[in-house]
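Visitor: A single structure is presented below for examination.
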Amino acid sequence: MKIHLLSGFLGSGKTTAIHAAARTLLQQGIHTSVITNDQGIKLVDGDFFKSTGIPGRQVTGGCFCCNFAALDSSIQSLVTANNTAVIFAESVGSCTDIVATVLKPLLQFYPAAQVTISAFADVRLLQLMLNGGTNLFDETVNYIYLKQLEEAGIIVVNKMDLIDQTTLAEIKVLMQQKYPGKIILFQNSMVENDIVKWIDTINHEDSSGSLASLDINYDTYAAGEAKLGWLDQELEIHSSDNSALQLAEDLVNLIYKKIVEQRYVIGHLKMLINATNKISFTNDHDVMVEIKKTPSTLATLLINARVQTDAEDIVQLVSAAVDQIEKRSGCKIVVFNQSAFQPGYPKPLYRL
Ligand SMILES: Nc1nc2c(ncn2[C@@H]2O[C@H](COP(=O)(O)OP(=O)(O)O)[C@@H](O)[C@H]2O)c(=O)[nH]1
Ligand SMILES: [Mg+2]
């Protein structure tokens with residue numbers, strides 16, 4: 001069995017790459033599955049994988065390291081139910097120290113397994129980090145970001161289609177200087193060839209067993225995690241004039257607009273309409289979304305927001321957006337599930 005762990009900051013493209021890679025392997029007849037992970041209650045990514053038909057499990061309510069038992073039972077259940085040969089496991093975007101707390105314990109539990117770690121980095125954010133850090137995020141958040149890259153055997157510099165060739169060439173030089181000895185891939189996860197190259201690399205990676213546990217300050221790590229407020233919320237939009245999908249689109253765009261107006265830095269902001277239509281906003285992305293709309297009296301919306309402010313601020317902001325859409329249209333919006341919090345101090349089950 002192969003277990004490919006993905007770490008990397010929120011929004012770096014982990015789910016996109018897993019989706020493409022799992023599809024490619026499944027087409028080759030290789031039994032492949034996915035484990036998504038989050039601290040909240042319900043994941044846009046997990047629900048998204050369900051809609052694609054790729055076998056998967058969700059570990060929620062805490063990261064893999066603090067929830068190792070749930071990760072382990074997910075692996076066992078995928079092996080039993082799906083005869084899985086390859087598992088992609090995506091860790092929470094603000095989580096690090098996974099060599100010591102996930103990879104090494106997995107190698108002890110599954111000595112015959114090949115376990116790899118790929119740390120994903122959005123090339124645009126990476127560029128800011130390499131040029132002396134960024135004041136976009138708090139410095140404790142930057143600390144987590146750099147620890148994720150430091151511990152992985154493979155760094156995937158992703159979204160390389162989003163910068164020009166000259167800048168890319170500069171980043172390649174800087175990365176080779178900063179991380180000698182690591183495998184560094186430059187990737188566009190939307191392109192099949194790049195995904196095939198990544199699959200090939202992780203297939204042949206056999207140095208994971210010799211990866212060193214990080215030297216890491218848990219107080220700084222915990223402070224960085226706690227800088228981001230989390231909101232997971234499920235809503236239903238009821239419309240008597242069949243405009244529920246239009247209103248869902250309006251609500252999604254209004255929430256994003258309000259976050260931008262408040263100048264809250266986005267870790268990630270993902271929404272899923274009717275369990276199939278996935279929308280992802282980043283700090284660089286300011287176009288409004290447009291979805292395909294059919295007349296409908298009901299639409300559902302799942303929101304996963306990880307934003308650098310207090311969770312309560314995000315709750316208020318979404319609630320104000322909901323009120324505004326209700327008043328303007330006369331529709332009824334019901335929140336039926338919500339979890340809002342700052343992540344607590346990371347307490348891994350194992351640390352080897
Ligand atoms: N242009 C471009 N966009 C990408 C690439 N990989 C991912 N994305 C987009 O980046 C956003 C976040 O991706 P996602 O896979 O959800 O990130 P995750 O939070 O790391 O799982 C989505 O809108 C993706 O479509 C890439 O290589 N190029
Ligand atoms: Mg993801």
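Just so we're on the same page: first chain in the structure tokens is A, next is B, and so on; residues restart at 1 for each chain, and ligands are numbered from 1 in the order they show up.
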May I ask you to write as a list of chain:residue names all residues lying at most 7 Å from ligand 2, with only C-alpha atoms and all ligand atoms counted?
Guide: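 Using only C-alpha atoms and all ligand atoms, everything at most 7 Å from ligand 2 comes to A:Gly11, A:Gly13, A:Lys14, A:Thr15, A:Asp45, A:Glu90.
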Visitor: Between chain A and ligand 1, at 8 Å or less, what are the per-residue closest atom pairs and their distances in Å? Count only C-alpha atoms and all ligand atoms, order by chain and rising residue number, and return it as a Markdown table.
Guide:
| residue | atom | partner | partner_atom_place_in_ligand_line | distance |
| --- | --- | --- | --- | --- |
| A:Gly8 | CA | ligand 1 | 20 (O) | 6.6 |
| A:Phe9 | CA | ligand 1 | 20 (O) | 6.4 |
| A:Leu10 | CA | ligand 1 | 19 (O) | 4.4 |
| A:Gly11 | CA | ligand 1 | 19 (O) | 3.2 |
| A:Ser12 | CA | ligand 1 | 20 (O) | 3.9 |
| A:Gly13 | CA | ligand 1 | 15 (O) | 3.3 |
| A:Lys14 | CA | ligand 1 | 20 (O) | 3.7 |
| A:Thr15 | CA | ligand 1 | 15 (O) | 3.7 |
| A:Thr16 | CA | ligand 1 | 15 (O) | 3.6 |
| A:Ala17 | CA | ligand 1 | 15 (O) | 6.4 |
| A:Ile18 | CA | ligand 1 | 15 (O) | 7.9 |
| A:Asp45 | CA | ligand 1 | 16 (O) | 7.1 |
| A:Glu90 | CA | ligand 1 | 21 (O) | 7.5 |
| A:Gly93 | CA | ligand 1 | 19 (O) | 6.6 |
| A:Phe120 | CA | ligand 1 | 20 (O) | 7.2 |
| A:Asp122 | CA | ligand 1 | 6 (N) | 8.0 |
| A:Asn158 | CA | ligand 1 | 27 (O) | 5.1 |
| A:Lys159 | CA | ligand 1 | 27 (O) | 3.3 |
| A:Met160 | CA | ligand 1 | 27 (O) | 6.2 |
| A:Asp161 | CA | ligand 1 | 1 (N) | 5.8 |
| A:Leu162 | CA | ligand 1 | 1 (N) | 5.7 |
| A:Gln187 | CA | ligand 1 | 27 (O) | 6.1 |
| A:Asn188 | CA | ligand 1 | 27 (O) | 3.4 |
| A:Ser189 | CA | ligand 1 | 27 (O) | 3.7 |
| A:Met190 | CA | ligand 1 | 27 (O) | 5.2 |
| A:Val191 | CA | ligand 1 | 27 (O) | 7.5 |
| A:His268 | CA | ligand 1 | 19 (O) | 6.6 |
| A:Lys270 | CA | ligand 1 | 16 (O) | 7.6 |
| A:Ile279 | CA | ligand 1 | 23 (O) | 6.7 |
| A:Ser280 | CA | ligand 1 | 23 (O) | 4.6 |
| A:Phe281 | CA | ligand 1 | 23 (O) | 6.5 |
| A:Thr282 | CA | ligand 1 | 11 (C) | 7.2 |
Visitor: Save out the residues we just selected, N, CA and C atoms, as an mmCIF file, in the first residue's frame.
Guide:
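Heads up, here's the output in result.cif:
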data_model
loop_
_atom_site.group_PDB
_atom_site.id
_atom_site.type_symbol
_atom_site.label_atom_id
_atom_site.label_comp_id
_atom_site.auth_asym_id
_atom_site.auth_seq_id
_atom_site.Cartn_x
_atom_site.Cartn_y
_atom_site.Cartn_z
ATOM 1 N N GLY A 8 0.798 21.484 3.220
ATOM 2 C CA GLY A 8 0.867 22.709 2.421
ATOM 3 C C GLY A 8 -0.246 23.637 2.822
ATOM 4 N N PHE A 9 0.023 24.905 2.645
ATOM 5 C CA PHE A 9 -0.863 25.928 3.166
ATOM 6 C C PHE A 9 -2.255 25.848 2.534
ATOM 7 N N LEU A 10 -3.209 26.458 3.213
ATOM 8 C CA LEU A 10 -4.584 26.538 2.731
ATOM 9 C C LEU A 10 -4.600 27.084 1.304
ATOM 10 N N GLY A 11 -5.342 26.428 0.444
ATOM 11 C CA GLY A 11 -5.527 26.949 -0.910
ATOM 12 C C GLY A 11 -4.363 26.737 -1.856
ATOM 13 N N SER A 12 -3.384 25.899 -1.466
ATOM 14 C CA SER A 12 -2.209 25.740 -2.334
ATOM 15 C C SER A 12 -2.463 24.790 -3.504
ATOM 16 N N GLY A 13 -3.582 24.103 -3.473
ATOM 17 C CA GLY A 13 -3.936 23.250 -4.625
ATOM 18 C C GLY A 13 -3.866 21.759 -4.346
ATOM 19 N N LYS A 14 -3.877 21.380 -3.060
ATOM 20 C CA LYS A 14 -3.768 19.968 -2.695
ATOM 21 C C LYS A 14 -4.945 19.152 -3.233
ATOM 22 N N THR A 15 -6.157 19.628 -2.966
ATOM 23 C CA THR A 15 -7.341 18.875 -3.385
ATOM 24 C C THR A 15 -7.394 18.749 -4.904
ATOM 25 N N THR A 16 -7.040 19.818 -5.587
ATOM 26 C CA THR A 16 -7.053 19.807 -7.054
ATOM 27 C C THR A 16 -6.113 18.723 -7.584
ATOM 28 N N ALA A 17 -4.902 18.668 -7.001
ATOM 29 C CA ALA A 17 -3.909 17.693 -7.457
ATOM 30 C C ALA A 17 -4.349 16.267 -7.119
ATOM 31 N N ILE A 18 -4.900 16.088 -5.910
ATOM 32 C CA ILE A 18 -5.358 14.748 -5.520
ATOM 33 C C ILE A 18 -6.465 14.278 -6.455
ATOM 34 N N ASP A 45 -14.310 20.050 0.541
ATOM 35 C CA ASP A 45 -13.504 19.091 -0.223
ATOM 36 C C ASP A 45 -14.038 17.662 -0.090
ATOM 37 N N GLU A 90 -4.997 14.285 2.636
ATOM 38 C CA GLU A 90 -4.727 15.734 2.629
ATOM 39 C C GLU A 90 -4.874 16.302 4.030
ATOM 40 N N GLY A 93 -4.670 22.607 6.193
ATOM 41 C CA GLY A 93 -3.707 23.552 5.622
ATOM 42 C C GLY A 93 -2.884 24.335 6.627
ATOM 43 N N PHE A 120 2.748 21.241 -0.618
ATOM 44 C CA PHE A 120 2.330 22.106 -1.724
ATOM 45 C C PHE A 120 2.499 23.579 -1.348
ATOM 46 N N ASP A 122 1.612 27.499 -3.092
ATOM 47 C CA ASP A 122 1.132 28.372 -4.163
ATOM 48 C C ASP A 122 2.287 29.297 -4.546
ATOM 49 N N ASN A 158 3.275 24.951 -6.799
ATOM 50 C CA ASN A 158 2.073 24.762 -7.634
ATOM 51 C C ASN A 158 1.581 26.087 -8.227
ATOM 52 N N LYS A 159 0.699 25.982 -9.185
ATOM 53 C CA LYS A 159 0.071 27.119 -9.878
ATOM 54 C C LYS A 159 1.102 27.918 -10.663
ATOM 55 N N MET A 160 2.085 27.208 -11.227
ATOM 56 C CA MET A 160 3.161 27.930 -11.913
ATOM 57 C C MET A 160 2.659 28.630 -13.169
ATOM 58 N N ASP A 161 1.439 28.284 -13.581
ATOM 59 C CA ASP A 161 0.841 29.003 -14.723
ATOM 60 C C ASP A 161 0.479 30.447 -14.353
ATOM 61 N N LEU A 162 0.494 30.763 -13.057
ATOM 62 C CA LEU A 162 0.020 32.087 -12.640
ATOM 63 C C LEU A 162 1.121 33.137 -12.491
ATOM 64 N N GLN A 187 4.783 22.877 -10.857
ATOM 65 C CA GLN A 187 3.601 22.180 -11.351
ATOM 66 C C GLN A 187 2.441 23.112 -11.644
ATOM 67 N N ASN A 188 1.689 22.736 -12.664
ATOM 68 C CA ASN A 188 0.354 23.307 -12.866
ATOM 69 C C ASN A 188 -0.609 22.135 -12.712
ATOM 70 N N SER A 189 -1.326 22.115 -11.606
ATOM 71 C CA SER A 189 -2.147 20.942 -11.303
ATOM 72 C C SER A 189 -3.363 20.801 -12.214
ATOM 73 N N MET A 190 -3.565 21.760 -13.082
ATOM 74 C CA MET A 190 -4.663 21.662 -14.049
ATOM 75 C C MET A 190 -4.201 20.889 -15.297
ATOM 76 N N VAL A 191 -2.894 20.593 -15.372
ATOM 77 C CA VAL A 191 -2.346 19.977 -16.582
ATOM 78 C C VAL A 191 -1.992 18.518 -16.309
ATOM 79 N N HIS A 268 -8.341 30.230 3.544
ATOM 80 C CA HIS A 268 -9.126 29.750 2.419
ATOM 81 C C HIS A 268 -10.592 30.039 2.633
ATOM 82 N N LYS A 270 -13.973 28.556 0.927
ATOM 83 C CA LYS A 270 -14.544 27.621 -0.038
ATOM 84 C C LYS A 270 -16.024 27.478 0.208
ATOM 85 N N ILE A 279 -16.708 26.376 -5.180
ATOM 86 C CA ILE A 279 -16.177 27.713 -5.436
ATOM 87 C C ILE A 279 -15.058 27.971 -4.439
ATOM 88 N N SER A 280 -13.949 28.512 -4.916
ATOM 89 C CA SER A 280 -12.809 28.740 -4.039
ATOM 90 C C SER A 280 -12.268 30.144 -4.261
ATOM 91 N N PHE A 281 -12.202 30.930 -3.193
ATOM 92 C CA PHE A 281 -11.675 32.297 -3.297
ATOM 93 C C PHE A 281 -10.311 32.365 -2.624
ATOM 94 N N THR A 282 -9.426 33.163 -3.192
ATOM 95 C CA THR A 282 -8.156 33.432 -2.514
ATOM 96 C C THR A 282 -8.004 34.943 -2.385
#
Visitor: From a DSSP pass on the backbone, collect the residues of region 206-277 of chain A flagged as alpha helix (DSSP H) and hand them back as a PyMOL selection string.
Guide: chain A and resi 218-226+244-261
Visitor: Excluding region 246-257 of chain A and its own-chain neighbours fewer than 2 positions away, which residues fall within 9 Å of it when counting only C-alpha atoms? Please give them as a compact mmCIF listing (two decimals) with N, CA and C atoms, in the first residue's frame.
Guide:
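Contents of selection.txt, as written:
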# COMPACT_ATOMS: atom_id res chain seq x y z
N GLU A 236 -29.67 26.60 4.00
CA GLU A 236 -30.65 26.29 2.96
C GLU A 236 -31.31 27.59 2.53
N ILE A 237 -31.42 27.76 1.23
CA ILE A 237 -32.05 28.97 0.71
C ILE A 237 -33.38 28.56 0.07
N SER A 239 -36.75 29.74 -1.88
CA SER A 239 -37.26 30.84 -2.69
C SER A 239 -38.61 30.46 -3.30
N ASN A 242 -38.55 30.50 -7.48
CA ASN A 242 -37.60 29.66 -8.23
C ASN A 242 -36.22 30.27 -8.43
N SER A 243 -35.86 31.24 -7.60
CA SER A 243 -34.56 31.87 -7.83
C SER A 243 -33.50 31.45 -6.80
N ALA A 244 -33.70 30.27 -6.20
CA ALA A 244 -32.80 29.86 -5.11
C ALA A 244 -31.33 29.81 -5.54
N ILE A 259 -15.77 40.26 3.04
CA ILE A 259 -14.45 39.89 3.58
C ILE A 259 -13.37 40.80 3.01
N VAL A 260 -13.48 41.07 1.72
CA VAL A 260 -12.51 41.97 1.07
C VAL A 260 -12.63 43.38 1.65
N GLU A 261 -13.86 43.84 1.84
CA GLU A 261 -14.07 45.19 2.40
C GLU A 261 -13.47 45.32 3.79
N GLN A 262 -13.57 44.25 4.57
CA GLN A 262 -13.00 44.27 5.94
C GLN A 262 -11.49 44.10 5.93
N LEU A 269 -11.27 30.18 1.53
CA LEU A 269 -12.70 30.48 1.56
C LEU A 269 -13.32 29.62 0.47
N MET A 271 -16.77 27.38 -0.87
CA MET A 271 -18.20 27.18 -0.73
C MET A 271 -18.64 26.13 -1.73
N ILE A 273 -22.17 24.75 -3.54
CA ILE A 273 -23.61 24.93 -3.76
C ILE A 273 -24.20 23.59 -4.21
N ILE A 279 -16.71 26.38 -5.18
CA ILE A 279 -16.18 27.71 -5.44
C ILE A 279 -15.06 27.97 -4.44
N PHE A 281 -12.20 30.93 -3.19
CA PHE A 281 -11.67 32.30 -3.30
C PHE A 281 -10.31 32.37 -2.62
N ASP A 286 -10.42 38.34 -7.33
CA ASP A 286 -11.52 39.21 -6.96
C ASP A 286 -12.64 39.25 -7.98
N VAL A 287 -12.66 38.27 -8.88
CA VAL A 287 -13.81 38.22 -9.79
C VAL A 287 -14.96 37.52 -9.10
N MET A 288 -16.14 37.96 -9.40
CA MET A 288 -17.31 37.35 -8.79
C MET A 288 -17.61 36.03 -9.52
N VAL A 289 -18.15 35.07 -8.78
CA VAL A 289 -18.44 33.79 -9.45
C VAL A 289 -19.79 33.82 -10.14
N GLU A 290 -19.87 32.98 -11.13
CA GLU A 290 -21.16 32.78 -11.80
C GLU A 290 -21.37 31.28 -11.93
N ILE A 291 -22.51 30.81 -11.47
CA ILE A 291 -22.77 29.37 -11.58
C ILE A 291 -23.88 29.14 -12.60
N LYS A 292 -24.01 27.89 -13.00
CA LYS A 292 -25.09 27.54 -13.93
C LYS A 292 -26.39 27.50 -13.12
N LYS A 293 -27.41 28.20 -13.61
CA LYS A 293 -28.62 28.30 -12.80
C LYS A 293 -29.82 27.68 -13.51
N THR A 294 -30.54 26.84 -12.78
CA THR A 294 -31.81 26.33 -13.27
C THR A 294 -32.86 26.78 -12.25
N PRO A 295 -34.13 26.94 -12.68
CA PRO A 295 -35.15 27.38 -11.73
C PRO A 295 -35.27 26.40 -10.57
N ALA A 299 -31.95 25.76 -2.58
CA ALA A 299 -30.51 25.54 -2.84
C ALA A 299 -29.83 25.35 -1.50
N THR A 300 -28.79 24.52 -1.47
CA THR A 300 -28.01 24.40 -0.24
C THR A 300 -26.65 25.03 -0.45
N LEU A 301 -26.09 25.53 0.64
CA LEU A 301 -24.76 26.14 0.57
C LEU A 301 -23.95 25.66 1.77
N ILE A 303 -20.36 26.40 3.61
CA ILE A 303 -19.28 27.39 3.66
C ILE A 303 -18.15 26.85 4.55
N LEU A 317 -20.28 38.49 9.99
CA LEU A 317 -20.22 38.94 8.60
C LEU A 317 -21.16 38.11 7.71
N VAL A 318 -21.13 36.80 7.91
CA VAL A 318 -22.00 35.93 7.10
C VAL A 318 -23.46 36.19 7.44
N ALA A 320 -24.76 38.96 8.48
CA ALA A 320 -25.18 40.22 7.86
C ALA A 320 -25.47 40.03 6.38
N ALA A 321 -24.66 39.22 5.71
CA ALA A 321 -24.88 38.95 4.28
C ALA A 321 -26.20 38.22 4.08
N VAL A 322 -26.47 37.24 4.97
CA VAL A 322 -27.72 36.48 4.89
C VAL A 322 -28.93 37.43 5.05
N GLN A 324 -29.10 40.59 4.50
CA GLN A 324 -29.21 41.47 3.35
C GLN A 324 -29.91 40.78 2.17
N ILE A 325 -29.52 39.55 1.90
CA ILE A 325 -30.13 38.80 0.78
C ILE A 325 -31.60 38.52 1.08
N SER A 329 -34.68 40.08 -1.22
CA SER A 329 -35.40 39.18 -2.13
C SER A 329 -36.69 38.61 -1.55
N CYS A 331 -36.66 36.03 0.31
CA CYS A 331 -36.46 34.58 0.46
C CYS A 331 -36.24 34.24 1.94
Visitor: Can you measure CA of Thr96 (chain A) to CA of Glu151 (chain A) for me? One decimal in Å is fine.
Guide: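 For CA of Thr96 (chain A) relative to CA of Glu151 (chain A), the distance reads 8.4 Å.
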Visitor: Can you work out which one of A:Gln28, A:Ser319, A:Asn304, A:Asn337 has the shortest atom-to-atom distance to Asp47 (chain A), counting only C-alpha atoms?
Guide: A:Asn304
Visitor: Tell me which protein, DNA and RNA residues are within 12 Å of Ser77 (chain A), counting only C-alpha atoms, leaving out same-chain ones fewer than 2 positions away, and put them as a PyMOL selection string.
Guide: chain A and resi 33-35+55-58+70-75+79-84+87
Visitor: Residues as selected, N, CA and C atoms, written as a PDB file, in the first residue's frame, can you do that?
Guide:
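Everything below was put into result.pdb:
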ATOM      1  N   SER A  33      -7.927   5.878  -3.293  1.00  0.00           N
ATOM      2  CA  SER A  33      -8.921   6.583  -2.494  1.00  0.00           C
ATOM      3  C   SER A  33      -8.293   7.796  -1.809  1.00  0.00           C
ATOM      4  N   VAL A  34      -9.154   8.538  -1.123  1.00  0.00           N
ATOM      5  CA  VAL A  34      -8.773   9.853  -0.643  1.00  0.00           C
ATOM      6  C   VAL A  34      -9.233  10.013   0.805  1.00  0.00           C
ATOM      7  N   ILE A  35      -8.387  10.624   1.638  1.00  0.00           N
ATOM      8  CA  ILE A  35      -8.844  10.997   2.988  1.00  0.00           C
ATOM      9  C   ILE A  35      -8.660  12.509   3.136  1.00  0.00           C
ATOM     10  N   PRO A  55     -13.639   6.964  -4.026  1.00  0.00           N
ATOM     11  CA  PRO A  55     -13.833   6.507  -2.652  1.00  0.00           C
ATOM     12  C   PRO A  55     -13.072   7.388  -1.674  1.00  0.00           C
ATOM     13  N   GLY A  56     -13.714   7.742  -0.566  1.00  0.00           N
ATOM     14  CA  GLY A  56     -13.033   8.630   0.369  1.00  0.00           C
ATOM     15  C   GLY A  56     -13.599   8.564   1.765  1.00  0.00           C
ATOM     16  N   ARG A  57     -12.848   9.094   2.676  1.00  0.00           N
ATOM     17  CA  ARG A  57     -13.267   9.247   4.073  1.00  0.00           C
ATOM     18  C   ARG A  57     -12.897  10.658   4.512  1.00  0.00           C
ATOM     19  N   GLN A  58     -13.606  11.158   5.531  1.00  0.00           N
ATOM     20  CA  GLN A  58     -13.268  12.469   6.084  1.00  0.00           C
ATOM     21  C   GLN A  58     -12.857  12.309   7.546  1.00  0.00           C
ATOM     22  N   ALA A  70      -8.472   8.239  14.150  1.00  0.00           N
ATOM     23  CA  ALA A  70      -9.474   8.350  13.079  1.00  0.00           C
ATOM     24  C   ALA A  70      -8.818   8.178  11.707  1.00  0.00           C
ATOM     25  N   LEU A  71      -7.594   8.678  11.571  1.00  0.00           N
ATOM     26  CA  LEU A  71      -6.870   8.472  10.311  1.00  0.00           C
ATOM     27  C   LEU A  71      -6.630   6.982  10.102  1.00  0.00           C
ATOM     28  N   ASP A  72      -6.191   6.321  11.158  1.00  0.00           N
ATOM     29  CA  ASP A  72      -5.892   4.897  11.074  1.00  0.00           C
ATOM     30  C   ASP A  72      -7.150   4.088  10.729  1.00  0.00           C
ATOM     31  N   SER A  73      -8.271   4.411  11.379  1.00  0.00           N
ATOM     32  CA  SER A  73      -9.474   3.623  11.074  1.00  0.00           C
ATOM     33  C   SER A  73      -9.990   3.935   9.668  1.00  0.00           C
ATOM     34  N   SER A  74      -9.757   5.167   9.192  1.00  0.00           N
ATOM     35  CA  SER A  74     -10.142   5.485   7.804  1.00  0.00           C
ATOM     36  C   SER A  74      -9.323   4.656   6.824  1.00  0.00           C
ATOM     37  N   ILE A  75      -8.029   4.522   7.101  1.00  0.00           N
ATOM     38  CA  ILE A  75      -7.163   3.722   6.222  1.00  0.00           C
ATOM     39  C   ILE A  75      -7.653   2.274   6.212  1.00  0.00           C
ATOM     40  N   VAL A  79      -9.162   0.086   3.042  1.00  0.00           N
ATOM     41  CA  VAL A  79      -8.540  -1.162   2.597  1.00  0.00           C
ATOM     42  C   VAL A  79      -9.602  -2.269   2.554  1.00  0.00           C
ATOM     43  N   THR A  80     -10.421  -2.352   3.602  1.00  0.00           N
ATOM     44  CA  THR A  80     -11.442  -3.398   3.666  1.00  0.00           C
ATOM     45  C   THR A  80     -12.526  -3.196   2.605  1.00  0.00           C
ATOM     46  N   ALA A  81     -13.043  -1.974   2.527  1.00  0.00           N
ATOM     47  CA  ALA A  81     -14.199  -1.741   1.649  1.00  0.00           C
ATOM     48  C   ALA A  81     -13.799  -1.591   0.188  1.00  0.00           C
ATOM     49  N   ASN A  82     -12.623  -1.043  -0.075  1.00  0.00           N
ATOM     50  CA  ASN A  82     -12.259  -0.718  -1.459  1.00  0.00           C
ATOM     51  C   ASN A  82     -10.993  -1.406  -1.947  1.00  0.00           C
ATOM     52  N   ASN A  83     -10.420  -2.234  -1.099  1.00  0.00           N
ATOM     53  CA  ASN A  83      -9.181  -2.904  -1.478  1.00  0.00           C
ATOM     54  C   ASN A  83      -8.148  -1.892  -1.986  1.00  0.00           C
ATOM     55  N   THR A  84      -8.053  -0.804  -1.242  1.00  0.00           N
ATOM     56  CA  THR A  84      -7.243   0.325  -1.688  1.00  0.00           C
ATOM     57  C   THR A  84      -5.753   0.006  -1.754  1.00  0.00           C
ATOM     58  N   ILE A  87      -3.534   5.583  -1.262  1.00  0.00           N
ATOM     59  CA  ILE A  87      -4.365   6.544  -0.527  1.00  0.00           C
ATOM     60  C   ILE A  87      -3.697   7.911  -0.578  1.00  0.00           C
TER      61      ILE A  87
END
Visitor: For Ile98 (chain A), please output as a list in words all residues within 10 Å (counting only C-alpha atoms; exclusion window: fewer than 2 positions along the same chain).
Guide: Leu5, Leu6, Ser7, Cys63, Phe64, Cys65, Ser91, Cys95, Thr96, Ala100, Thr101, Val102, Leu103, Lys104, Pro105, Ile117, Lys147, Gln148, Glu151, Ala152, Ser213, Leu214, Pro348 and Arg351 of chain A
Visitor: Please, could you write that set of residues out with N, CA and C atoms as a compact mmCIF listing (two decimals), in the first residue's frame?
Guide:
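As a result, out_16.txt now contains:
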# COMPACT_ATOMS: atom_id res chain seq x y z
N LEU A 5 0.89 11.50 1.77
CA LEU A 5 0.39 12.61 2.60
C LEU A 5 0.65 13.92 1.86
N LEU A 6 -0.34 14.80 1.89
CA LEU A 6 -0.14 16.13 1.33
C LEU A 6 -0.25 17.15 2.44
N SER A 7 0.78 17.97 2.57
CA SER A 7 0.66 19.10 3.47
C SER A 7 0.75 20.34 2.60
N CYS A 63 -6.86 17.78 13.34
CA CYS A 63 -5.92 17.38 12.28
C CYS A 63 -5.54 15.90 12.42
N PHE A 64 -4.85 15.36 11.42
CA PHE A 64 -4.45 13.94 11.46
C PHE A 64 -3.64 13.62 12.71
N CYS A 65 -2.75 14.57 13.09
CA CYS A 65 -1.85 14.27 14.21
C CYS A 65 -2.62 14.15 15.52
N SER A 91 -3.81 16.83 4.58
CA SER A 91 -3.90 17.34 5.95
C SER A 91 -4.39 18.78 5.98
N CYS A 95 -1.64 22.92 9.35
CA CYS A 95 -1.01 21.89 10.19
C CYS A 95 0.43 21.64 9.73
N THR A 96 1.30 21.38 10.66
CA THR A 96 2.67 21.00 10.30
C THR A 96 3.20 19.98 11.30
N ALA A 100 6.91 13.85 12.24
CA ALA A 100 6.98 13.27 13.58
C ALA A 100 5.65 12.70 14.05
N THR A 101 4.55 13.33 13.63
CA THR A 101 3.26 12.99 14.25
C THR A 101 2.35 12.14 13.36
N VAL A 102 2.67 12.05 12.08
CA VAL A 102 1.82 11.26 11.18
C VAL A 102 2.66 10.23 10.40
N LEU A 103 3.68 10.71 9.69
CA LEU A 103 4.46 9.80 8.85
C LEU A 103 5.14 8.70 9.66
N LYS A 104 5.86 9.09 10.70
CA LYS A 104 6.58 8.07 11.48
C LYS A 104 5.63 7.09 12.18
N PRO A 105 4.56 7.59 12.83
CA PRO A 105 3.61 6.62 13.39
C PRO A 105 3.00 5.70 12.33
N ILE A 117 5.52 12.35 1.72
CA ILE A 117 4.93 13.68 2.01
C ILE A 117 5.26 14.62 0.87
N LYS A 147 7.67 25.90 8.03
CA LYS A 147 7.90 24.58 8.63
C LYS A 147 7.35 23.48 7.73
N GLN A 148 6.22 23.74 7.08
CA GLN A 148 5.64 22.74 6.17
C GLN A 148 6.63 22.40 5.05
N GLU A 151 10.00 20.37 6.33
CA GLU A 151 9.99 18.96 6.74
C GLU A 151 9.74 17.99 5.59
N ALA A 152 9.20 18.47 4.48
CA ALA A 152 8.79 17.53 3.42
C ALA A 152 9.96 17.08 2.57
N SER A 213 12.45 14.44 12.00
CA SER A 213 11.40 15.19 12.68
C SER A 213 11.84 16.64 12.84
N LEU A 214 10.88 17.55 12.76
CA LEU A 214 11.19 18.98 12.83
C LEU A 214 11.66 19.39 14.21
N PRO A 348 -0.64 16.34 19.48
CA PRO A 348 -0.55 15.08 18.72
C PRO A 348 -0.62 13.86 19.63
N ARG A 351 4.29 11.50 18.92
CA ARG A 351 5.33 12.35 18.33
C ARG A 351 6.64 11.60 18.44
Visitor: Would you kindly return, as a PyMOL selection string, each protein, DNA or RNA residue with an atom no farther than 8 Å from any atom of Ile314 (chain A), considering only C-alpha atoms and excluding same-chain residues fewer than 2 positions away?
Guide: chain A and resi 229-231+305+307+309-312+316-318
